[in-house]
Structures are given as structure tokens and as C-alpha cells.
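J.: Okay, here's the structure, questions in a sec.
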Amino acid sequence: MACKKEEVRAGGPPPAVPVTVAKAAIQSVPTGVRAVGTVEAYSTVQVKSLVAGPLMKVHFSEGSDVKAGDLLFEIDPRPYREALRQAQGAAARDESMMRQAEANLARDRAQLRNAEADAARYEQLVKEGVVSRSQYDQYKTTADALRESARADEAAIETARANVETDKATVERARLDLSYCEIRSPLAGRTGNLLVNIGNLVKANGDTALVVINQVAPIFVSFGVPQQQLDAVRRSSQGRQLAVTASVQDGGFQPVQGRLAVIDNAIDATTGTIRLKAVFDNGNHALWPGRFVDVSLTLGTLENAVVVPSEAVQSGQKGPFVYVVKADQTVDLRMVKTGPAVSGKLVIESGVANGETVVTDGQLLLRPGAAVKAVHGVQSGEQGS
């Protein structure tokens with residue numbers, strides 16, 4: 001009897017395979033393009049000095065955030081204060097000389113009026129024979145000399161006025177050079193390493209920057225998409241902003257949302273791609289210049305799509321397939337046509353209907369017609385038990 005029981009047990013159906021399952025569901029799925037992108041600073045500034053002199057003070061810490069207008073460096077201002085003082089002195093001197101020339105002109109014009117009146121009176125007296133011709137000539141010569149003197153005074157005033165204007169420009173230039181001794185941040189961003197230390201002599205517009213500032217909020221992510229996608233991107237971007245998601249594979253931060261900002265003006269002939277740029281607010285500084293990120297550009301929405309967890313779809317020699325759990329708790333192998341993937345789920349264009357149960361883990365132990373037992377395990381989709 002024991003031998004017969006062993007024969008019956010050996011000839012019975014195989015035990016059910018434990019698997020995790022999920023139900024196919026209807027969802028609205030965003031469609032778009034996936035790519036690997038590089039984070040780029042929104043703007044980068046190499047801070048240089050516009051005047052020469054010893055570097056006296058540094059007012060920030062390396063790697064710190066600064067605001068636009070924050071004081072960064074101080075160059076020795078003493079030579080530039082002296083230059084400003086000299087320029088102001090020269091301006092005051094030339095203004096005094098111009099006032100003196102104006103006073104001389106006023107005096108000579110008054111004397112000229114008197115001399116012209118005397119000359120006119122003696123001209124009439126000459127005609128009447130009352131005075132000699134030589135007396136008239138003397139008064140006429142005096143008037144002519146005063147007239148030329150007035151003209152010289154006018155020329156002196158023009159020269160003095162030009163000197164005053166030059167002095168004003170010199171004063172403004174000296175004042176500007178003095179203001180350049182305080183170097184302030186042109187934008188809000190994060191400073192890098194200090195490239196010149198206190199005590200070094202700084203050249204005006206030298207080859208080496210004092211520090212480099214990257215603006216990281218907002219920030220760009222640059223990525224390329226195949227040129228075949230260009231028309232779809234352009235159509236979708238007309239009249240609206242396209243959403244862009246950036247994330248990292250190691251899960252260092254939650255995916256962040258941005259918007260498409262730039263479509264390059266030419267296709268890269270060597271790679272066959274078009275460069276795009278997305279802008280992100282990056283208030284928490286999750287994105288960092290130079291980092292590689294996974295980028296998803298949303299072009300539209302696929303309505304009423306059948307989706308299953310991505311791990312339910314397996315690759316076979318004939319293409320992708322899934323195991324569908326039937327009502328009798330056995331599985332059927334279905335070839336499927338897949339669509340876009342999003343958030344750990346995959347669109348099934350054909351092969352699986354809404355509400356059907358698919359196997360998400362344990363497929364290696366299955367074959368068509370195998371019995372299964374649903375257990376808890378994988379997180380995607382609605383899990384069976």
C-alpha cells in the first residue's frame with residue numbers, strides 16, 4: 001500500500017508556483033522622450049579685477065552662496081584715492097581759469113563799447129573839421145585792439161571750457177577706478193575655489209580670475225534627442241511650455257520638475273541629435289553643475305492606455321511577452337506590443353486587456369499552463385495575495 005501511495009504522489013500535478021501579480025489598469029500616460037542630460041549652470045561669471053593693485057581683503061568663504069551686489073574683494077584703494085584727489089584739484093583749477101577768462105571778456109567788452117563810442121564821435125568830428133585825423137585814428141586803433149582782445153578772451157573761454165570738460169571726465173574716471181577697488185558679485189550664485197589669495201598683486205583684467213561664480217538657481221539641464229523627434233518637439237512646444245523631469249539613477253534626490261527653455265538652432269551632424277535645454281528652479285540645489293541626470297521630456301498624453309508594471313514584461317526570441325493568470329489559476333503566455341514607459345509602468349498596446357492579472361515576479365519558473373499561487377512581494381500595480 002505504501003508503494004502505491006508513492007506512485008500516486010509522484011504522478012500527481014506539480015505544486016503551484018508562488019508568484020507576485022498585478023492587474024492591468026487604464027491610465028492616462030504622458031508621452032515623450034527620454035535621454036541622459038548634463039546639468040549646466042544657468043550662468044557662469046569669472047570674477048576679475050578692473051584695476052591693478054594688491055588684494056587686501058576677501059569677504060566670502062569658498063563654496064558659499066552670494067547674492068548679487070555682495071562685496072567679494074577689496075583692492076588697495078590708496079593710489080586711486082590720490083588720483084581722484086589730483087583730478088578734482090585740476091578740475092577746480094581749470095574752472096577758476098575759465099571764470100577768470102569770462103571776467104576778462106566782460107571787462108574787454110565794456111571797454112570796447114566805450115572805445116567804439118569814442119571812435120564814432122571822433123569820426124564825426126573829423127568830418128566837421130573840429131579834430132585832427134590822427135586823433136580819430138588813435139581812438140579807432142584802441143577800439144580795434146579791444147575788439148581783438150575780446151575775441152582772444154572768447155577763445156580762452158572755449159579752451160578753458162574744453163579743459164573743464166576733460167577734467168570732469170578725468171574725475172569720473174578716477175572715481176570709477178576707485179569704485180572698482182571694491183569687487184562685488186554681479187549675480188546670485190555659488191562661489192568656487194579662491195584662485196588668488198590675499199597679498200597677491202592683481203592685474204587689471206588679468207588672465208586668472210579671482211573666483212568663478214555659478215548661478216545654480218535657476219539651473220539648466222542640457223540633453224540631446226534624435227533628430228527624428230525634432231518636429232514632434234516643435235509642434236508640442238507651440239503655444240505652451242513642455243514639462244521636463246530630471247532624476248538620478250542612484251536616487252540621490254526625488255525627481256524634479258522643470259520646463260523646456262531652449263531648442264538649439266542646428267542639428268549636430270556627427271550624432272544626429274538636436275540639443276535641448278530645460279530650466280529648473282532648483283531652490284533646494286538638488287541639481288549640481290556637471291552632474292548626469294535622466295531626463296524625461298513630456299510631449300503629450302496618451303489617454304485610456306492599458307498599463308502594467310514594467311517587470312511584468314519579459315523579452316523572448318519572438319519579442320516581449322507576459323504571463324497572464326487565468327481564472328483557474330494557471331498562466332497563459334501572451335505576446336504583447338509595448339508602448340512608452342513611465343514611472344515604473346509600461347503601456348501595453350495589444351496583448352493584455354484592462355483588469356487582467358499579470359505575473360510580475362517568478363516568471364523563470366513558469367511555462368504555459370503552469371499553476372500559480374499569488375503571494376505578496378513586488379510593489380508596482382495592484383498586488384495579488
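Order determines the names: the first chain of the C-alpha cells is A, the second B, and so forth; residues in each chain are numbered 1 upward, and ligands are numbered 1 upward as they are shown.
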Please extract the residues of segment 129-333 of chain A with a backbone DSSP assignment of strand (DSSP E) and present them as a ChimeraX atom specification.
T.: /A:182-184,189-191,201-202,211-226,243-247,256-268,273-280,292-309,314-316,319-325,331-333
J.: Report as a list in words all protein, DNA and RNA residues lying within 9 Å of Gln363 of chain A, evaluated on only C-alpha atoms, omitting residues in the same chain fewer than 3 positions from it.
T.: Val19, Ala312, Gln314, Val322, Tyr323, Val359, Thr360, Leu366 and Arg367 of chain A
J.: Give me the residues within 7 Å of segment 237-246 of chain A as a list in words, counting only C-alpha atoms and dropping any in the same chain fewer than 5 places off.
T.: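 The residues satisfying every condition are Pro255, Val256, Gln257, Gly258, Arg259, Leu260, Ala278, Val293, Asp294, Val295, Ser296, Leu297, Thr298 and Leu299 of chain A.
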J.: Skip Ala353 of chain A itself and residues of its chain fewer than 4 positions away, then list as a CSV table (one decimal) with all heavy atoms, in the first residue's frame all residues within 9 Å of it, counting only C-alpha atoms.
T.:
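New file around-v7.csv:
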chain,number,residue,atom,x,y,z
A,24,ALA,N,-3.7,44.7,-14.8
A,24,ALA,CA,-3.6,45.7,-15.9
A,24,ALA,C,-4.7,46.7,-15.6
A,24,ALA,O,-5.8,46.4,-15.3
A,24,ALA,CB,-3.7,45.1,-17.2
A,25,ALA,N,-4.3,48.0,-15.8
A,25,ALA,CA,-5.2,49.1,-15.5
A,25,ALA,C,-5.2,50.1,-16.6
A,25,ALA,O,-4.3,50.2,-17.4
A,25,ALA,CB,-4.9,49.7,-14.1
A,306,VAL,N,-3.7,51.0,-21.5
A,306,VAL,CA,-3.6,49.8,-20.6
A,306,VAL,C,-2.1,49.7,-20.2
A,306,VAL,O,-1.2,49.7,-21.0
A,306,VAL,CB,-4.0,48.5,-21.3
A,306,VAL,CG1,-3.8,47.3,-20.4
A,306,VAL,CG2,-5.4,48.6,-21.8
A,348,ILE,N,0.8,48.8,-22.6
A,348,ILE,CA,0.6,47.6,-23.5
A,348,ILE,C,-0.4,48.0,-24.6
A,348,ILE,O,-1.6,48.2,-24.3
A,348,ILE,CB,0.0,46.4,-22.6
A,348,ILE,CG1,1.0,46.1,-21.5
A,348,ILE,CG2,-0.1,45.2,-23.5
A,348,ILE,CD1,2.4,45.7,-21.9
J.: Which residue is closest to Thr338 of chain A? Choose from A:Leu187, A:Ala286, A:Ala174, A:Val352 and count only C-alpha atoms.
T.: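 When distances to Thr338 of chain A are compared using only C-alpha atoms, the smallest one comes from A:Val352.
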